[in-house]
$ cat query-v4.txt   # compact mmCIF, C-alpha atoms and all ligand atoms
# COMPACT_ATOMS: atom_id res chain seq x y z
CA MET E 228 92.93 80.83 80.59
CA PRO E 229 91.49 80.68 84.13
CA GLU E 230 90.01 83.82 85.66
CA LEU E 231 92.37 85.79 87.89
CA GLU E 232 91.16 86.45 91.43
CA LEU E 233 92.53 89.53 93.18
CA ILE E 234 92.01 89.32 96.93
CA GLY E 235 92.03 92.40 99.14
CA ALA E 236 89.81 95.27 100.26
CA ALA E 237 89.56 98.04 97.66
CA PRO E 238 90.70 100.96 99.88
CA SER E 239 94.18 99.43 100.34
CA ASN E 240 96.64 101.50 98.31
CA TYR E 241 98.46 98.30 97.31
CA VAL E 242 95.27 96.57 96.17
CA TRP E 243 94.39 99.70 94.20
CA ALA E 244 97.80 99.71 92.48
CA CYS E 245 97.16 96.14 91.29
CA ARG E 246 93.68 97.09 90.08
CA ILE E 247 95.12 99.99 88.06
CA ALA E 248 97.62 97.54 86.51
CA LEU E 249 94.80 95.09 85.64
CA ALA E 250 92.75 97.92 84.11
CA GLU E 251 95.71 99.21 82.08
CA LYS E 252 96.26 95.70 80.68
CA GLY E 253 92.53 95.15 80.10
CA VAL E 254 92.54 91.92 82.15
CA PRO E 255 89.13 90.70 83.36
CA TYR E 256 89.29 89.52 86.99
CA ARG E 257 87.23 88.65 90.04
CA HIS E 258 87.73 91.00 92.99
CA ASN E 259 87.33 89.42 96.42
CA GLU E 260 87.36 92.27 98.94
CA ALA E 261 88.81 90.28 101.86
CA ARG E 262 90.47 92.22 104.68
CA PRO E 263 93.99 91.48 105.95
CA HIS E 264 94.44 88.45 108.21
CA THR E 265 91.33 86.66 106.96
CA ALA E 266 91.54 82.97 106.06
CA GLU E 267 91.78 83.51 102.28
CA VAL E 268 94.58 86.07 102.72
CA ASP E 269 96.48 84.10 105.37
CA ALA E 270 96.42 81.12 103.01
CA ILE E 271 98.69 83.01 100.59
CA HIS E 272 100.55 85.82 102.43
CA PRO E 273 102.81 84.62 105.28
CA PHE E 274 101.92 87.74 107.30
CA GLY E 275 98.29 88.10 106.22
CA LYS E 276 98.71 91.29 104.15
CA ILE E 277 96.69 92.35 101.14
CA PRO E 278 96.72 92.09 98.17
CA VAL E 279 97.09 88.42 97.32
CA MET E 280 96.21 86.78 94.03
CA ARG E 281 95.16 83.42 92.60
CA HIS E 282 95.31 82.52 88.92
CA GLY E 283 94.76 78.81 88.25
CA GLU E 284 97.55 77.06 90.14
CA VAL E 285 99.50 80.28 90.68
CA GLU E 286 99.18 81.95 94.09
CA LEU E 287 101.05 85.18 94.80
CA CYS E 288 101.31 87.88 97.43
CA GLU E 289 103.02 91.31 97.48
CA SER E 290 101.75 93.96 95.08
CA ARG E 291 105.00 94.30 93.15
CA ALA E 292 105.15 90.57 92.44
CA ILE E 293 101.46 90.52 91.49
CA CYS E 294 101.93 93.46 89.10
CA ALA E 295 104.97 91.80 87.51
CA TYR E 296 102.95 88.64 86.95
CA ILE E 297 100.04 90.59 85.43
CA ASP E 298 102.43 92.48 83.15
CA ASN E 299 104.30 89.39 81.97
CA VAL E 300 101.45 86.90 81.59
CA PHE E 301 98.77 88.98 79.89
CA ASP E 302 98.62 90.78 76.56
CA GLY E 303 98.19 94.52 76.51
CA PRO E 304 100.52 97.47 76.90
CA LYS E 305 103.73 96.86 78.86
CA LEU E 306 103.54 98.43 82.31
CA ALA E 307 107.32 98.54 82.78
CA PRO E 308 109.78 99.68 80.09
CA ALA E 309 111.88 97.12 78.18
CA ASP E 310 114.97 99.33 78.44
CA PRO E 311 117.03 97.90 81.38
CA ALA E 312 117.93 101.29 82.86
CA LYS E 313 114.33 102.48 82.78
CA ALA E 314 113.06 99.12 84.10
CA ALA E 315 115.50 99.49 87.02
CA GLN E 316 114.22 103.03 87.61
CA VAL E 317 110.70 101.62 87.95
CA GLU E 318 112.00 99.26 90.66
CA GLN E 319 113.84 102.19 92.26
CA TRP E 320 110.69 104.33 92.56
CA VAL E 321 108.51 101.45 93.70
CA SER E 322 111.10 100.74 96.37
CA ILE E 323 111.42 104.39 97.44
CA VAL E 324 107.65 104.79 97.71
CA ASN E 325 107.20 101.49 99.55
CA THR E 326 110.06 101.93 102.02
CA HIS E 327 110.02 105.71 102.67
CA ILE E 328 106.69 107.21 101.57
CA ASP E 329 104.17 104.50 102.50
CA PRO E 330 105.48 103.99 106.08
CA LEU E 331 105.21 107.70 106.88
CA TRP E 332 102.31 108.97 104.75
CA VAL E 333 100.07 105.90 105.02
CA ARG E 334 101.10 103.77 108.03
CA GLN E 335 101.77 106.75 110.34
CA TYR E 336 99.89 109.85 109.10
CA LEU E 337 96.78 108.32 107.50
CA ARG E 338 96.55 105.63 110.17
CA ALA E 339 96.35 108.40 112.78
CA HIS E 340 93.37 109.84 110.86
CA PHE E 341 91.56 106.66 109.82
CA PHE E 342 92.33 104.35 112.77
CA PRO E 343 93.08 106.69 115.72
CA ASN E 344 93.88 105.27 119.13
CA THR E 345 91.95 108.00 120.91
CA PRO E 346 89.08 107.49 123.36
CA ASP E 347 86.61 109.49 121.21
CA GLY E 348 87.86 108.40 117.77
CA SER E 349 89.23 111.85 116.94
CA PRO E 350 92.49 112.03 114.91
CA GLU E 351 95.71 111.40 116.83
CA ARG E 352 97.07 114.97 116.72
CA GLU E 353 100.50 114.18 118.17
CA THR E 354 101.18 111.43 115.63
CA ILE E 355 99.99 113.64 112.77
CA GLU E 356 102.09 116.64 113.82
CA ALA E 357 105.15 114.40 114.23
CA ALA E 358 104.82 113.13 110.66
CA LEU E 359 104.37 116.49 108.93
CA PRO E 360 107.93 117.99 108.82
CA LYS E 361 109.39 114.91 107.10
CA MET E 362 106.32 114.57 104.88
CA GLU E 363 106.91 118.14 103.71
CA GLN E 364 110.47 117.25 102.65
CA GLN E 365 109.23 114.11 100.89
CA PHE E 366 106.45 115.98 99.06
CA ALA E 367 109.14 118.35 97.72
CA ALA E 368 111.37 115.42 96.70
CA MET E 369 108.52 113.69 94.87
CA GLU E 370 107.63 116.96 93.15
CA ARG E 371 111.23 117.16 91.88
CA ALA E 372 111.01 113.52 90.71
CA VAL E 373 108.09 114.21 88.38
CA ALA E 374 109.13 117.72 87.33
CA LYS E 375 110.90 116.76 84.10
CA THR E 376 108.39 114.53 82.32
CA GLY E 377 105.27 114.42 84.50
CA HIS E 378 106.02 110.73 85.20
CA LEU E 379 108.30 108.97 87.68
CA VAL E 380 110.12 107.11 84.89
CA GLY E 381 110.51 108.23 81.28
CA ASP E 382 107.47 109.76 79.67
CA THR E 383 104.96 106.94 80.09
CA PHE E 384 102.59 105.87 82.89
CA THR E 385 104.46 102.92 84.43
CA LEU E 386 104.07 100.66 87.46
CA ALA E 387 106.01 103.28 89.41
CA ASP E 388 103.18 105.79 88.87
CA MET E 389 100.49 103.12 89.46
CA ASN E 390 102.09 102.36 92.83
CA PHE E 391 102.27 106.03 93.87
CA MET E 392 98.89 107.37 92.66
CA PRO E 393 96.68 105.67 95.30
CA ILE E 394 98.81 107.16 98.10
CA LEU E 395 98.56 110.62 96.55
CA PHE E 396 94.79 110.19 96.28
CA TYR E 397 94.53 109.67 100.03
CA MET E 398 96.67 112.75 100.68
CA GLY E 399 93.87 114.80 99.15
CA THR E 400 91.37 113.42 101.66
CA LYS E 401 92.94 114.92 104.82
CA PRO E 402 93.56 118.58 105.62
CA GLU E 403 97.28 118.71 106.45
CA SER E 404 98.30 116.59 103.46
CA SER E 405 95.94 118.54 101.17
CA ALA E 406 97.78 121.68 102.29
CA LEU E 407 101.13 120.04 101.47
CA MET E 408 99.79 119.19 98.02
CA GLN E 409 98.78 122.83 97.47
CA ARG E 410 102.35 123.84 98.31
CA THR E 411 103.77 121.41 95.70
CA PRO E 412 101.86 122.45 92.55
CA GLY E 413 103.98 120.25 90.28
CA LEU E 414 102.99 117.18 92.30
CA LYS E 415 99.37 118.33 92.37
CA SER E 416 99.24 118.65 88.59
CA TYR E 417 100.97 115.23 88.20
CA PHE E 418 98.25 113.77 90.44
CA GLU E 419 95.36 115.51 88.69
CA ARG E 420 96.55 114.53 85.22
CA HIS E 421 96.96 110.83 86.03
CA MET E 422 93.81 110.82 88.15
CA ALA E 423 91.90 111.48 84.91
CA ARG E 424 93.16 108.20 83.36
CA LYS E 425 90.40 105.66 82.71
CA SER E 426 92.28 102.93 84.61
CA VAL E 427 92.49 105.13 87.71
CA GLN E 428 88.97 106.54 87.49
CA GLU E 429 87.32 103.14 87.15
CA THR E 430 89.20 101.67 90.13
CA VAL E 431 88.66 104.46 92.70
CA PRO E 432 87.54 102.68 95.90
CA THR E 433 83.83 103.07 96.57
CA TRP E 434 84.39 103.04 100.32
CA MET E 435 87.03 104.50 102.64
CA PRO E 436 89.23 102.79 105.24
CA GLY E 437 88.09 102.62 108.84
CA PRO E 438 87.60 100.13 111.64
CA ALA E 439 85.67 96.98 110.67
CA ARG E 440 81.91 97.53 111.05
CA SER E 441 81.78 95.28 114.12
CA GLU E 442 84.46 97.47 115.80
CA ARG E 443 82.65 100.77 115.13
CA ALA E 444 80.67 102.53 117.81
CA ALA E 445 76.92 102.10 117.24
N1 LIG N 501 104.61 95.02 100.74
C1 LIG N 501 103.19 94.70 100.69
C2 LIG N 501 102.46 95.60 101.64
C3 LIG N 501 101.01 95.18 101.78
C4 LIG N 501 100.33 95.93 102.93
O1 LIG N 501 100.98 96.51 103.81
N2 LIG N 501 99.01 95.87 102.90
C5 LIG N 501 98.25 96.48 103.97
C6 LIG N 501 96.99 97.13 103.42
S1 LIG N 501 97.41 98.51 102.40
C7 LIG N 501 97.86 95.40 104.95
O2 LIG N 501 97.56 94.29 104.59
N3 LIG N 501 97.88 95.77 106.25
C8 LIG N 501 97.49 94.89 107.32
C9 LIG N 501 98.58 94.69 108.32
O3 LIG N 501 99.69 95.22 108.14
O4 LIG N 501 98.35 93.99 109.28
C10 LIG N 501 102.70 94.82 99.24
O5 LIG N 501 103.31 95.56 98.46
O6 LIG N 501 101.71 94.17 98.89

$ encode --input "query-v4.txt" --output "structure tokens"
Amino acid sequence: MPELELIGAAPSNYVWACRIALAEKGVPYRHNEARPHTAEVDAIHPFGKIPVMRHGEVELCESRAICAYIDNVFDGPKLAPADPAKAAQVEQWVSIVNTHIDPLWVRQYLRAHFFPNTPDGSPERETIEAALPKMEQQFAAMERAVAKTGHLVGDTFTLADMNFMPILFYMGTKPESSALMQRTPGLKSYFERHMARKSVQETVPTWMPGPARSERAA
């Protein structure tokens, strides 16, 4: 079988989710750390977003599609349950995280920390403060979601958890979201338990997001 190439910078939460899936399946792959909107990404994603993937003749974009391909093509443990109701619940939680959590926690809150539009590069306080009340509600909702089994779906580590864990990791890197995590101990213990998994540990990004080197102040 040809070698799979995963394309996308490691700090991206969506690239990381795919890398956890690859590690869980035990699939060897080449990791090309291209940034969004570079030629190799634009060649596959219509809007230049990461991750994208190449495997022989197969080219794919969108993390959920890439994870489905990895799960269905390679041997190894199934990453989504066979039971139709549980499989649909995986889709449900991936969709909730990608359409409600990621836009607020990552694209608004973390963006204001990592890529601030301020003259001195300090965090965008107004944007951060605006995000926090709704984030607090969503932290509580996600805590309720994992309360019963310590997983988003059933009692196994599925693609729903793989998709959510990288976002939770970044919440621990900034003060306001760390404080929210302290106030949701069930979510904190969910995070800490799955953070100890080999597939998560061995894919932790070795560098953090920020402006491209050429854009940074000297
Ligand atoms: N729905 C996409 C989202 C991918 C995405 O938003 N990737 C971010 C990095 S985490 C990106 O490429 N951002 C660049 C941009 O939006 O211009 C997926 O699941 O793969």

$ residues_around --input "query-v4.txt" --residues "E:Ala357" --least-positions-apart "3" --cutoff "12 Å" --atoms "only C-alpha atoms" --output "number ranges by chain"
E: 331-332, 335-336, 339, 351-354, 360-363, 403

$ atom_distance --input "query-v4.txt" --atom1 "atom CA of E:Arg371" --atom2 "atom CA of E:Ala314"
19.7 Å

$ residues_near_ligand --input "query-v4.txt" --ligand "ligand LIG 501 (chain N)" --cutoff "6 Å" --atoms "only C-alpha atoms and all ligand atoms" --output "list in words"
Ser239, Asn240, Tyr241, Pro263, Lys276, Ile277, Pro278, Glu289, Ser290 and Arg291 of chain E

$ write_last_selection --input "query-v4.txt" --atoms "C-alpha atoms" --output "compact mmCIF listing (two decimals), in the frame of the given file"
# COMPACT_ATOMS: atom_id res chain seq x y z
CA SER E 239 94.18 99.43 100.34
CA ASN E 240 96.64 101.50 98.31
CA TYR E 241 98.46 98.30 97.31
CA PRO E 263 93.99 91.48 105.95
CA LYS E 276 98.71 91.29 104.15
CA ILE E 277 96.69 92.35 101.14
CA PRO E 278 96.72 92.09 98.17
CA GLU E 289 103.02 91.31 97.48
CA SER E 290 101.75 93.96 95.08
CA ARG E 291 105.00 94.30 93.15

$ axis_aligned_box --input "query-v4.txt" --around "stretch 402-407 of chain E" --padding-each-side "3 Å" --output "JSON"
{"center_x": 97.3, "center_y": 119.1, "center_z": 103.8, "size_x": 13.6, "size_y": 11.1, "size_z": 11.3}

$ closest_residue --input "query-v4.txt" --among "E:Ala387, E:Leu306, E:Ala368, E:Leu359" --to "E:Leu249" --atoms "only C-alpha atoms"
E:Leu306

$ closest_residue --input "query-v4.txt" --among "E:Ala237, E:Leu231, E:Val317, E:Ala248" --to "E:Arg281" --atoms "only C-alpha atoms"
E:Leu231

$ decode --input "query-v4.txt" --residues "stretch 246-266 of chain E" --atoms "N, CA, C and O atoms" --output "PDB file, in the first residue's frame"
ATOM      1  N   ARG E 246      -4.017  13.107  13.434  1.00  0.00           N
ATOM      2  CA  ARG E 246      -2.805  12.410  13.892  1.00  0.00           C
ATOM      3  C   ARG E 246      -3.128  11.459  15.050  1.00  0.00           C
ATOM      4  O   ARG E 246      -2.541  10.377  15.158  1.00  0.00           O
ATOM      5  N   ILE E 247      -4.068  11.845  15.906  1.00  0.00           N
ATOM      6  CA  ILE E 247      -4.490  10.918  16.975  1.00  0.00           C
ATOM      7  C   ILE E 247      -5.138   9.685  16.334  1.00  0.00           C
ATOM      8  O   ILE E 247      -4.855   8.545  16.720  1.00  0.00           O
ATOM      9  N   ALA E 248      -5.987   9.923  15.329  1.00  0.00           N
ATOM     10  CA  ALA E 248      -6.653   8.797  14.646  1.00  0.00           C
ATOM     11  C   ALA E 248      -5.616   7.872  14.005  1.00  0.00           C
ATOM     12  O   ALA E 248      -5.705   6.633  14.120  1.00  0.00           O
ATOM     13  N   LEU E 249      -4.621   8.438  13.351  1.00  0.00           N
ATOM     14  CA  LEU E 249      -3.568   7.622  12.713  1.00  0.00           C
ATOM     15  C   LEU E 249      -2.801   6.825  13.765  1.00  0.00           C
ATOM     16  O   LEU E 249      -2.499   5.641  13.561  1.00  0.00           O
ATOM     17  N   ALA E 250      -2.518   7.465  14.905  1.00  0.00           N
ATOM     18  CA  ALA E 250      -1.781   6.773  15.978  1.00  0.00           C
ATOM     19  C   ALA E 250      -2.625   5.656  16.583  1.00  0.00           C
ATOM     20  O   ALA E 250      -2.128   4.560  16.850  1.00  0.00           O
ATOM     21  N   GLU E 251      -3.926   5.922  16.783  1.00  0.00           N
ATOM     22  CA  GLU E 251      -4.807   4.882  17.344  1.00  0.00           C
ATOM     23  C   GLU E 251      -4.853   3.665  16.426  1.00  0.00           C
ATOM     24  O   GLU E 251      -4.909   2.526  16.883  1.00  0.00           O
ATOM     25  N   LYS E 252      -4.868   3.910  15.105  1.00  0.00           N
ATOM     26  CA  LYS E 252      -4.929   2.798  14.149  1.00  0.00           C
ATOM     27  C   LYS E 252      -3.573   2.139  13.934  1.00  0.00           C
ATOM     28  O   LYS E 252      -3.475   1.082  13.325  1.00  0.00           O
ATOM     29  N   GLY E 253      -2.494   2.843  14.339  1.00  0.00           N
ATOM     30  CA  GLY E 253      -1.146   2.322  14.093  1.00  0.00           C
ATOM     31  C   GLY E 253      -0.733   2.438  12.638  1.00  0.00           C
ATOM     32  O   GLY E 253      -0.002   1.589  12.124  1.00  0.00           O
ATOM     33  N   VAL E 254      -1.182   3.510  11.969  1.00  0.00           N
ATOM     34  CA  VAL E 254      -0.864   3.700  10.543  1.00  0.00           C
ATOM     35  C   VAL E 254       0.413   4.531  10.414  1.00  0.00           C
ATOM     36  O   VAL E 254       0.465   5.663  10.919  1.00  0.00           O
ATOM     37  N   PRO E 255       1.441   3.993   9.704  1.00  0.00           N
ATOM     38  CA  PRO E 255       2.622   4.829   9.451  1.00  0.00           C
ATOM     39  C   PRO E 255       2.275   5.897   8.404  1.00  0.00           C
ATOM     40  O   PRO E 255       1.491   5.622   7.491  1.00  0.00           O
ATOM     41  N   TYR E 256       2.810   7.088   8.535  1.00  0.00           N
ATOM     42  CA  TYR E 256       2.478   8.143   7.563  1.00  0.00           C
ATOM     43  C   TYR E 256       3.592   9.169   7.522  1.00  0.00           C
ATOM     44  O   TYR E 256       4.415   9.245   8.433  1.00  0.00           O
ATOM     45  N   ARG E 257       3.584   9.952   6.433  1.00  0.00           N
ATOM     46  CA  ARG E 257       4.523  11.072   6.324  1.00  0.00           C
ATOM     47  C   ARG E 257       3.762  12.329   6.692  1.00  0.00           C
ATOM     48  O   ARG E 257       2.634  12.538   6.222  1.00  0.00           O
ATOM     49  N   HIS E 258       4.363  13.156   7.556  1.00  0.00           N
ATOM     50  CA  HIS E 258       3.683  14.386   7.978  1.00  0.00           C
ATOM     51  C   HIS E 258       4.378  15.576   7.328  1.00  0.00           C
ATOM     52  O   HIS E 258       5.528  15.877   7.633  1.00  0.00           O
ATOM     53  N   ASN E 259       3.644  16.260   6.452  1.00  0.00           N
ATOM     54  CA  ASN E 259       4.140  17.468   5.793  1.00  0.00           C
ATOM     55  C   ASN E 259       3.477  18.653   6.495  1.00  0.00           C
ATOM     56  O   ASN E 259       2.271  18.842   6.392  1.00  0.00           O
ATOM     57  N   GLU E 260       4.276  19.432   7.213  1.00  0.00           N
ATOM     58  CA  GLU E 260       3.719  20.488   8.066  1.00  0.00           C
ATOM     59  C   GLU E 260       3.415  21.784   7.307  1.00  0.00           C
ATOM     60  O   GLU E 260       3.785  22.871   7.764  1.00  0.00           O
ATOM     61  N   ALA E 261       2.734  21.676   6.184  1.00  0.00           N
ATOM     62  CA  ALA E 261       2.411  22.885   5.406  1.00  0.00           C
ATOM     63  C   ALA E 261       1.360  23.717   6.143  1.00  0.00           C
ATOM     64  O   ALA E 261       0.498  23.183   6.840  1.00  0.00           O
ATOM     65  N   ARG E 262       1.453  25.023   5.979  1.00  0.00           N
ATOM     66  CA  ARG E 262       0.461  25.940   6.560  1.00  0.00           C
ATOM     67  C   ARG E 262      -0.727  26.076   5.605  1.00  0.00           C
ATOM     68  O   ARG E 262      -0.625  25.731   4.425  1.00  0.00           O
ATOM     69  N   PRO E 263      -1.848  26.615   6.118  1.00  0.00           N
ATOM     70  CA  PRO E 263      -3.000  26.850   5.239  1.00  0.00           C
ATOM     71  C   PRO E 263      -2.605  27.751   4.063  1.00  0.00           C
ATOM     72  O   PRO E 263      -1.681  28.552   4.170  1.00  0.00           O
ATOM     73  N   HIS E 264      -3.315  27.587   2.966  1.00  0.00           N
ATOM     74  CA  HIS E 264      -3.181  28.459   1.788  1.00  0.00           C
ATOM     75  C   HIS E 264      -1.810  28.373   1.119  1.00  0.00           C
ATOM     76  O   HIS E 264      -1.409  29.298   0.413  1.00  0.00           O
ATOM     77  N   THR E 265      -1.085  27.278   1.368  1.00  0.00           N
ATOM     78  CA  THR E 265       0.144  27.047   0.607  1.00  0.00           C
ATOM     79  C   THR E 265      -0.229  26.176  -0.591  1.00  0.00           C
ATOM     80  O   THR E 265      -1.311  25.574  -0.631  1.00  0.00           O
ATOM     81  N   ALA E 266       0.691  26.087  -1.559  1.00  0.00           N
ATOM     82  CA  ALA E 266       0.355  25.432  -2.829  1.00  0.00           C
ATOM     83  C   ALA E 266      -0.126  23.993  -2.619  1.00  0.00           C
ATOM     84  O   ALA E 266      -1.135  23.580  -3.222  1.00  0.00           O
TER      85      ALA E 266
END
